[in-house]
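Q: So that you have it, the file is protein_6.cif, and it contains mmCIF, C-alpha atoms and all ligand atoms:
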```
data_model
loop_
_atom_site.label_atom_id
_atom_site.label_comp_id
_atom_site.auth_asym_id
_atom_site.auth_seq_id
_atom_site.Cartn_x
_atom_site.Cartn_y
_atom_site.Cartn_z
CA MET R 10 -14.78 21.31 6.64
CA PRO R 11 -13.77 18.57 4.16
CA ALA R 12 -10.23 18.73 2.80
CA GLU R 13 -9.72 20.60 -0.46
CA ILE R 14 -8.88 18.37 -3.47
CA ALA R 15 -6.45 20.01 -5.91
CA LEU R 16 -4.81 18.83 -9.12
CA VAL R 17 -1.06 18.27 -8.90
CA SER R 18 1.02 21.31 -9.95
CA THR R 19 4.18 23.06 -8.74
CA ASP R 20 2.00 25.32 -6.58
CA THR R 21 -0.12 22.57 -5.01
CA ILE R 22 2.99 20.46 -4.28
CA ALA R 23 4.56 23.46 -2.51
CA HIS R 24 1.32 24.01 -0.58
CA ALA R 25 1.17 20.32 0.40
CA ALA R 26 4.81 20.44 1.59
CA ASP R 27 4.00 23.49 3.75
CA ILE R 28 1.10 21.59 5.34
CA LEU R 29 3.36 18.60 6.06
CA ARG R 30 6.04 20.87 7.52
CA SER R 31 3.50 22.26 9.98
CA GLY R 32 2.42 18.78 11.11
CA GLY R 33 -0.58 18.36 8.78
CA LEU R 34 -1.91 15.40 6.78
CA VAL R 35 -2.10 15.20 2.98
CA GLY R 36 -3.66 12.64 0.61
CA MET R 37 -0.81 11.78 -1.76
CA PRO R 38 -0.95 9.88 -5.07
CA THR R 39 1.54 7.06 -5.62
CA GLU R 40 1.78 4.49 -8.42
CA THR R 41 0.24 1.83 -6.14
CA VAL R 42 -2.56 3.41 -4.07
CA TYR R 43 -3.14 6.85 -2.53
CA GLY R 44 -1.19 7.35 0.69
CA LEU R 45 -1.97 9.47 3.73
CA ALA R 46 1.22 11.51 4.00
CA ALA R 47 2.78 12.93 7.16
CA ASP R 48 6.27 14.19 8.02
CA ALA R 49 8.06 10.98 9.07
CA THR R 50 10.28 12.88 11.50
CA SER R 51 7.37 14.34 13.51
CA GLY R 52 5.91 12.20 16.28
CA LYS R 53 3.03 14.64 16.61
CA ALA R 54 2.07 14.43 12.95
CA ILE R 55 2.24 10.64 13.09
CA ALA R 56 0.05 10.48 16.19
CA ARG R 57 -2.51 12.55 14.30
CA LEU R 58 -2.21 10.20 11.34
CA TYR R 59 -2.93 7.08 13.45
CA ASP R 60 -5.92 8.87 14.90
CA ALA R 61 -7.28 9.91 11.48
CA LYS R 62 -7.00 6.37 10.12
CA GLY R 63 -8.41 4.75 13.24
CA ARG R 64 -5.46 2.39 12.88
CA PRO R 65 -4.28 -0.05 15.57
CA ARG R 66 -1.48 1.79 17.33
CA PHE R 67 1.26 -0.75 16.88
CA ASN R 68 1.12 -0.98 13.13
CA PRO R 69 4.40 0.41 11.76
CA LEU R 70 4.43 2.72 8.73
CA ILE R 71 6.47 2.80 5.51
CA ALA R 72 8.92 5.70 5.16
CA HIS R 73 8.86 7.02 1.58
CA ILE R 74 12.16 8.44 0.38
CA CYS R 75 13.26 9.81 -3.01
CA GLY R 76 16.48 7.85 -3.55
CA VAL R 77 19.17 5.59 -2.14
CA GLU R 78 21.02 8.52 -0.58
CA MET R 79 18.04 9.46 1.61
CA ALA R 80 17.47 5.76 2.40
CA GLU R 81 21.05 5.39 3.63
CA ARG R 82 20.50 8.07 6.26
CA GLU R 83 17.75 5.92 7.77
CA VAL R 84 18.65 2.24 7.30
CA GLU R 85 21.55 -0.20 6.81
CA LEU R 86 21.43 -1.36 3.19
CA SER R 87 22.89 -4.85 2.73
CA ALA R 88 24.37 -6.12 -0.55
CA MET R 89 21.07 -7.82 -1.34
CA ALA R 90 19.21 -4.60 -0.58
CA HIS R 91 21.40 -2.76 -3.09
CA GLN R 92 20.77 -5.45 -5.69
CA LEU R 93 17.02 -5.00 -5.23
CA THR R 94 17.03 -1.20 -5.16
CA GLU R 95 19.08 -1.10 -8.37
CA THR R 96 16.48 -3.19 -10.16
CA PHE R 97 13.22 -2.02 -8.62
CA TRP R 98 13.65 1.57 -7.36
CA PRO R 99 11.98 3.85 -7.96
CA GLY R 100 8.97 1.55 -7.86
CA PRO R 101 6.59 -0.51 -5.71
CA LEU R 102 9.09 -2.51 -3.66
CA THR R 103 9.28 -1.88 0.11
CA LEU R 104 12.30 -3.18 2.03
CA VAL R 105 12.33 -3.77 5.78
CA LEU R 106 15.88 -3.08 7.00
CA PRO R 107 17.70 -2.38 10.28
CA ALA R 108 17.08 1.27 11.27
CA LYS R 109 20.15 3.41 11.93
CA LYS R 110 20.47 4.97 15.39
CA THR R 111 21.19 8.28 13.68
CA GLY R 112 18.07 8.02 11.48
CA THR R 113 15.51 10.85 11.48
CA VAL R 114 12.29 8.82 11.27
CA SER R 115 10.25 9.00 14.47
CA ASP R 116 10.07 5.95 16.78
CA LEU R 117 6.32 6.19 16.60
CA ALA R 118 6.41 5.55 12.81
CA ARG R 119 8.37 2.36 13.48
CA ALA R 120 5.98 1.43 16.29
CA GLY R 121 9.04 0.91 18.45
CA LEU R 122 10.60 -1.73 16.16
CA ARG R 123 14.32 -1.71 15.45
CA SER R 124 13.60 -2.12 11.75
CA LEU R 125 12.19 0.39 9.29
CA ALA R 126 10.17 -0.25 6.13
CA ILE R 127 11.40 1.98 3.33
CA ARG R 128 10.15 2.59 -0.20
CA CYS R 129 11.09 4.85 -3.09
CA PRO R 130 7.92 5.64 -5.07
CA GLU R 131 7.95 6.07 -8.83
CA HIS R 132 5.05 8.53 -9.03
CA THR R 133 6.29 12.02 -9.99
CA ALA R 134 3.94 13.79 -7.54
CA ALA R 135 5.06 11.66 -4.58
CA ARG R 136 8.70 12.18 -5.54
CA ALA R 137 8.23 15.94 -5.90
CA LEU R 138 6.56 16.13 -2.50
CA ILE R 139 9.38 14.22 -0.76
CA GLU R 140 12.01 16.34 -2.53
CA THR R 141 10.27 19.60 -1.65
CA LEU R 142 9.84 18.61 2.00
CA ASP R 143 13.38 17.21 1.94
CA ARG R 144 12.46 14.65 4.62
CA PRO R 145 11.05 11.10 4.51
CA ILE R 146 7.26 10.90 4.36
CA VAL R 147 5.25 8.16 6.04
CA ALA R 148 2.23 7.14 4.00
CA PRO R 149 -0.09 4.28 4.88
CA SER R 150 -2.85 3.71 2.35
CA ALA R 151 -5.30 6.63 2.71
CA ASN R 152 -8.33 4.66 3.85
CA ARG R 153 -9.98 4.14 7.21
CA SER R 154 -8.22 1.22 8.92
CA GLY R 155 -9.45 -2.10 7.54
CA HIS R 156 -11.28 -0.57 4.60
CA VAL R 157 -10.54 -1.03 0.87
CA SER R 158 -7.43 0.90 -0.30
CA PRO R 159 -8.03 4.12 -2.29
CA THR R 160 -7.00 4.27 -5.94
CA ASN R 161 -8.25 7.76 -6.74
CA ALA R 162 -8.57 11.11 -4.92
CA GLN R 163 -12.35 10.75 -4.47
CA HIS R 164 -11.85 7.50 -2.52
CA VAL R 165 -9.56 9.41 -0.15
CA ALA R 166 -12.09 12.22 0.27
CA LEU R 167 -14.91 9.73 1.02
CA ASP R 168 -12.92 7.87 3.69
CA LEU R 169 -10.87 10.62 5.31
CA GLY R 170 -11.96 13.98 3.87
CA GLU R 171 -13.13 15.30 7.24
CA LYS R 172 -9.96 14.32 9.07
CA ILE R 173 -7.15 15.53 6.85
CA ASP R 174 -5.94 18.87 5.50
CA PHE R 175 -5.46 18.55 1.75
CA ILE R 176 -5.68 16.01 -1.09
CA LEU R 177 -3.44 16.02 -4.16
CA ASP R 178 -5.31 14.64 -7.18
CA ALA R 179 -3.34 12.89 -9.93
CA GLY R 180 -6.17 10.72 -11.26
CA PRO R 181 -6.35 6.92 -10.86
CA CYS R 182 -3.29 4.95 -9.65
CA GLU R 183 -1.51 3.05 -12.37
CA ARG R 184 -0.81 -0.15 -10.38
CA GLY R 185 -3.84 -0.20 -8.08
CA ILE R 186 -2.34 -2.61 -5.54
CA GLU R 187 0.13 -1.93 -2.72
CA SER R 188 3.88 -2.40 -2.86
CA THR R 189 5.49 -5.79 -2.33
CA ILE R 190 7.19 -5.92 1.11
CA ILE R 191 10.38 -7.93 1.69
CA ASP R 192 12.02 -8.31 5.10
CA LEU R 193 15.82 -8.22 4.82
CA THR R 194 16.61 -7.95 8.53
CA SER R 195 17.83 -11.56 8.80
CA ASP R 196 19.91 -13.82 6.56
CA THR R 197 16.77 -15.26 5.02
CA PRO R 198 14.86 -12.78 2.84
CA ARG R 199 11.14 -13.06 3.56
CA LEU R 200 8.01 -11.99 1.74
CA LEU R 201 5.84 -10.01 4.19
CA ARG R 202 3.23 -8.84 1.68
CA ALA R 203 2.64 -9.91 -1.91
CA GLY R 204 2.15 -6.78 -4.00
CA ALA R 205 2.66 -4.86 -7.21
CA ILE R 206 5.97 -6.53 -8.05
CA ALA R 207 5.55 -10.26 -8.65
CA THR R 208 7.36 -12.49 -6.15
CA GLU R 209 8.83 -14.53 -9.01
CA HIS R 210 10.50 -11.40 -10.43
CA ILE R 211 12.20 -10.65 -7.09
CA GLU R 212 13.35 -14.27 -6.70
CA GLU R 213 14.84 -14.10 -10.19
CA ILE R 214 16.92 -11.02 -9.30
CA ILE R 215 18.29 -12.34 -5.98
CA ASN R 216 18.55 -15.83 -7.43
CA ARG R 217 16.88 -17.56 -4.48
CA LYS R 218 13.44 -18.32 -3.08
CA LEU R 219 11.79 -15.98 -0.60
CA SER R 220 10.59 -17.52 2.62
CA HIS R 221 7.11 -16.65 3.82
CA ARG R 222 5.97 -14.97 7.01
CA SER R 223 5.00 -17.22 9.92
CA ASP R 224 1.65 -17.04 11.67
CA ILE R 225 3.22 -15.70 14.85
CA GLU R 226 4.45 -12.68 12.94
CA SER R 227 1.09 -12.02 11.36
CA ILE R 228 -0.10 -11.10 14.85
CA ASN R 229 2.80 -8.69 15.23
CA ALA R 230 2.14 -6.90 11.95
CA PRO R 231 -1.54 -6.02 12.16
CA GLY R 232 -1.51 -4.52 8.64
CA GLN R 233 -1.65 -8.17 7.76
CA LEU R 234 -4.80 -8.85 9.82
CA LYS R 235 -6.90 -11.57 8.21
CA SER R 236 -9.91 -9.32 7.84
CA HIS R 237 -8.50 -6.36 6.00
CA TYR R 238 -9.30 -4.57 2.76
CA ALA R 239 -12.89 -5.37 3.65
CA PRO R 240 -15.92 -3.96 1.85
CA ALA R 241 -19.18 -3.77 3.85
CA ALA R 242 -20.72 -6.38 1.52
CA SER R 243 -20.03 -10.08 2.08
CA VAL R 244 -17.64 -11.56 -0.45
CA ARG R 245 -17.74 -15.03 -2.08
CA LEU R 246 -14.64 -16.15 -3.96
CA ASN R 247 -14.05 -18.47 -6.93
CA ALA R 248 -17.59 -17.93 -8.19
CA HIS R 249 -18.60 -18.80 -11.74
CA GLU R 250 -21.91 -16.96 -11.64
CA ALA R 251 -23.95 -14.74 -9.31
CA LYS R 252 -26.64 -16.20 -7.00
CA ASP R 253 -29.78 -14.41 -5.69
CA ASN R 254 -28.88 -10.83 -4.99
CA GLU R 255 -25.16 -11.01 -5.49
CA ALA R 256 -23.22 -8.55 -7.60
CA MET R 257 -20.76 -10.38 -9.84
CA LEU R 258 -17.18 -9.27 -10.36
CA GLY R 259 -15.90 -11.07 -13.43
CA PHE R 260 -12.48 -11.87 -14.81
CA GLY R 261 -11.59 -12.95 -18.35
CA ASP R 262 -14.37 -15.06 -19.87
CA ILE R 263 -16.39 -15.09 -16.64
CA GLN R 264 -18.72 -12.14 -17.08
CA GLY R 265 -20.20 -9.99 -14.34
CA ASP R 266 -21.68 -6.59 -13.51
CA LEU R 267 -18.07 -5.44 -13.76
CA ASN R 268 -15.02 -7.29 -15.11
CA LEU R 269 -11.51 -6.91 -13.63
CA SER R 270 -10.02 -7.62 -17.06
CA THR R 271 -11.93 -9.07 -19.99
CA ARG R 272 -8.53 -9.86 -21.57
CA GLY R 273 -7.58 -11.90 -18.48
CA ASP R 274 -4.66 -9.52 -17.85
CA LEU R 275 -3.54 -9.63 -14.19
CA ILE R 276 -1.89 -6.19 -14.34
CA GLU R 277 -5.13 -4.62 -15.53
CA ALA R 278 -7.05 -6.62 -12.89
CA ALA R 279 -4.81 -5.32 -10.08
CA ALA R 280 -5.31 -1.75 -11.24
CA ASN R 281 -9.12 -2.19 -11.23
CA LEU R 282 -9.47 -4.29 -8.06
CA PHE R 283 -10.10 -1.77 -5.26
CA ALA R 284 -12.14 0.71 -7.34
CA MET R 285 -14.45 -2.07 -8.60
CA LEU R 286 -14.88 -3.53 -5.09
CA ARG R 287 -15.86 -0.08 -3.84
CA GLN R 288 -18.28 0.43 -6.72
CA LEU R 289 -20.09 -2.90 -6.18
CA ASP R 290 -20.06 -2.33 -2.42
CA THR R 291 -22.16 0.84 -2.81
CA SER R 292 -24.96 -0.97 -4.68
CA HIS R 293 -24.99 -4.53 -3.25
CA ASP R 294 -24.85 -6.45 0.07
CA LYS R 295 -23.16 -9.47 -1.50
CA ILE R 296 -20.37 -9.70 -4.03
CA ALA R 297 -19.33 -12.86 -5.90
CA ILE R 298 -15.91 -12.85 -7.50
CA ALA R 299 -14.58 -14.98 -10.37
CA PRO R 300 -11.50 -17.17 -9.83
CA ILE R 301 -8.21 -15.31 -10.39
CA PRO R 302 -5.06 -17.22 -11.44
CA THR R 303 -2.37 -17.37 -8.74
CA HIS R 304 0.76 -16.59 -10.76
CA GLY R 305 2.41 -13.15 -11.17
CA LEU R 306 0.26 -10.34 -9.71
CA GLY R 307 -2.46 -12.94 -9.11
CA GLU R 308 -0.74 -13.78 -5.81
CA ALA R 309 -1.28 -10.23 -4.48
CA ILE R 310 -4.81 -10.04 -5.89
CA ASN R 311 -5.82 -13.36 -4.26
CA ASP R 312 -4.24 -12.25 -0.97
CA ARG R 313 -6.37 -9.06 -0.92
CA LEU R 314 -9.49 -10.98 -1.98
CA SER R 315 -9.14 -13.60 0.74
CA ARG R 316 -8.84 -10.80 3.32
CA ALA R 317 -11.87 -9.03 1.82
CA ALA R 318 -13.84 -12.30 2.15
CA HIS R 319 -12.77 -13.00 5.75
CA ARG R 320 -15.11 -12.10 8.60
CA ASP R 321 -13.83 -12.07 12.21
O1 LIG F 401 2.08 0.71 -1.82
C1 LIG F 401 2.23 0.98 -0.61
O2 LIG F 401 3.11 0.42 0.07
C2 LIG F 401 1.31 2.02 0.00
C3 LIG F 401 1.58 3.37 -0.67
C4 LIG F 401 0.75 4.50 -0.11
O3 LIG F 401 2.95 3.66 -0.64
N1 LIG F 401 1.45 2.07 1.43
C5 LIG F 401 0.98 1.09 2.24
O4 LIG F 401 1.20 1.33 3.59
O5 LIG F 401 0.44 0.10 1.83
P1 LIG F 401 0.37 0.57 4.75
O6 LIG F 401 0.75 1.29 6.00
O7 LIG F 401 -1.08 0.51 4.41
O8 LIG F 401 1.00 -0.86 4.79
C6 LIG F 401 2.32 -1.03 5.29
C7 LIG F 401 2.55 -2.43 5.77
C8 LIG F 401 1.78 -2.77 7.03
O9 LIG F 401 1.20 -4.05 6.86
C9 LIG F 401 2.83 -2.79 8.12
O10 LIG F 401 2.51 -3.68 9.16
C10 LIG F 401 4.08 -3.21 7.35
O11 LIG F 401 3.93 -2.56 6.11
N2 LIG F 401 5.31 -2.72 7.98
C11 LIG F 401 5.72 -1.44 8.10
N3 LIG F 401 6.88 -1.36 8.77
C12 LIG F 401 7.25 -2.62 9.06
C13 LIG F 401 8.36 -3.20 9.75
N4 LIG F 401 9.34 -2.46 10.26
N5 LIG F 401 8.40 -4.55 9.85
C14 LIG F 401 7.41 -5.31 9.32
N6 LIG F 401 6.33 -4.82 8.67
C15 LIG F 401 6.25 -3.50 8.55
MG MG F 402 -3.23 -0.33 4.03
#
```
Turn this file's structure into structure tokens for me.
A:
Amino acid sequence: MPAEIALVSTDTIAHAADILRSGGLVGMPTETVYGLAADATSGKAIARLYDAKGRPRFNPLIAHICGVEMAEREVELSAMAHQLTETFWPGPLTLVLPAKKTGTVSDLARAGLRSLAIRCPEHTAARALIETLDRPIVAPSANRSGHVSPTNAQHVALDLGEKIDFILDAGPCERGIESTIIDLTSDTPRLLRAGAIATEHIEEIINRKLSHRSDIESINAPGQLKSHYAPAASVRLNAHEAKDNEAMLGFGDIQGDLNLSTRGDLIEAAANLFAMLRQLDTSHDKIAIAPIPTHGLGEAINDRLSRAAHRD
């Protein structure tokens, strides 16, 4: 039986927390994309989550917490980590930090790593769910592994409806693109994933440049597989017009069947990206996409597009 979809309310949050407490899986809205929530302290629930997503086993998950106090039970927060949490939490910044031995998050969620990725979402429903459960929640994007991330409750139902227990519906996600991930486990802060907070903004706050992940690491963090966020249709980038049977995804002055942002606004484009890719994917075998500038959120958008275009 497909999972019930229910609008967010005090009652449905309480119901969702009960499901999580008994080891179940819940589609959870966040400001970035919908997550597939499980109790981060339960190895059993997390094993079920990996199975539902069809995700490569060794891909670690982000623990979602509702404030610095809960974070400090799980990880060692450095001075730089505090500087970043003060500016960006709650919000779409994920920090990878050394896990504490006394932490409650299951080893399976960390895929055996000594570090833990931690994020404090801004979305009121996600916050309420974490507070009600009173434990960290792991939440990978609620799509089948490798597929386009979900930005509304219907996307979650289409991808995972048969495999999960409940879906909380809070309408479309405001940001539409995943959190930015920074690794703070060494002396050199590193960008692991460009995302909803622009890299430049983070560099401004810590007053130094972020280094970038090396290719060796990209093998170790399979969430960063080259072919990821992939629609079934083939994708052609930096297109100025559609050819033959292509659907055209426009941006700014470059028109198309759909347009990420006619105003050329990168924030609006990020919010529309995954939903528009899904929509064109249902009607066409080929999608051409207009060039997107590389500054600000354009870095994250181009990262997702190049993965969508890549074929193994
Ligand atoms: O915006 C988001 O972050 C969304 C929403 C639902 O919160 N979540 C999300 O989770 O995008 P997921 O699992 O789809 O992506 C998490 C990424 C993966 O690429 C994973 O490899 C990386 O974070 N990651 C998690 N823990 C890590 C760790 N300890 N070290 C390095 N990378 C890690
Ligand atoms: Mg994902």
Q: Could you give me the residues within 10 Å of ligand MG 402 (chain F), counting all atoms listed in the file, as a PyMOL selection string?
A: chain R and resi 42-45+62+64+70+148-159+186-187+232-233+237-238
Q: Closest to ligand LIG 401 (chain F) among R:Glu78, R:Glu183, R:Asp143, R:Asp192, using only C-alpha atoms and all ligand atoms?
A: R:Asp192
Q: How would you write as an MDAnalysis selection string the residues that get within 10 Å of (-14.1, -1.0, -6.3) in the file's frame, counting only C-alpha atoms?
A: chainID R and resid 157:160 164 240 258 267 269 281:291
Q: For Gly121 of chain R, which residue out of R:Asn68, R:Thr197, R:Gln92, R:Asn268 is the nearest one, using all atoms listed in the file?
A: R:Asn68
Q: Which residues are close to Cys75 of chain R, i.e. within 9 Å by only C-alpha atoms, leaving aside same-chain residues fewer than 4 positions away? Reply as a VMD selection string.
A: chain R and resid 79 to 80 99 128 to 131 135 to 137 139 to 140 143 145
Q: Could you tell me how far atom CA of His319 of chain R sits from atom CA of Val244 of chain R, in Å to one decimal place?
A: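 It comes out at 8.0 Å.
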Q: Write out as a ChimeraX atom specification which residues come within 8 Å of Pro11 of chain R when counting only C-alpha atoms, dropping same-chain ones fewer than 6 positions away.
A: /R:166,170-174
Q: Could you tell me which of R:Leu86, R:Leu167, R:Ile127, R:Ile276 comes closest to ligand LIG 401 (chain F) if we count all atoms listed in the file?
A: R:Ile127
Q: Here is a test: counting all atoms listed in the file, which residue of R:Asp294, R:Glu40, R:Asp312, R:Asp20 is nearest to His132 of chain R?
A: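 Of R:Asp294, R:Glu40, R:Asp312, R:Asp20, the one nearest His132 of chain R, counting all atoms listed in the file, is R:Glu40.
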Q: Could you check the closest approach to ligand LIG 401 (chain F) for each of R:Ser270, R:Thr189, R:Asn311, R:Ser115 and tell me which residue wins, using all atoms listed in the file?
A: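 The shortest atom-to-atom distance to ligand LIG 401 (chain F) comes from R:Thr189.
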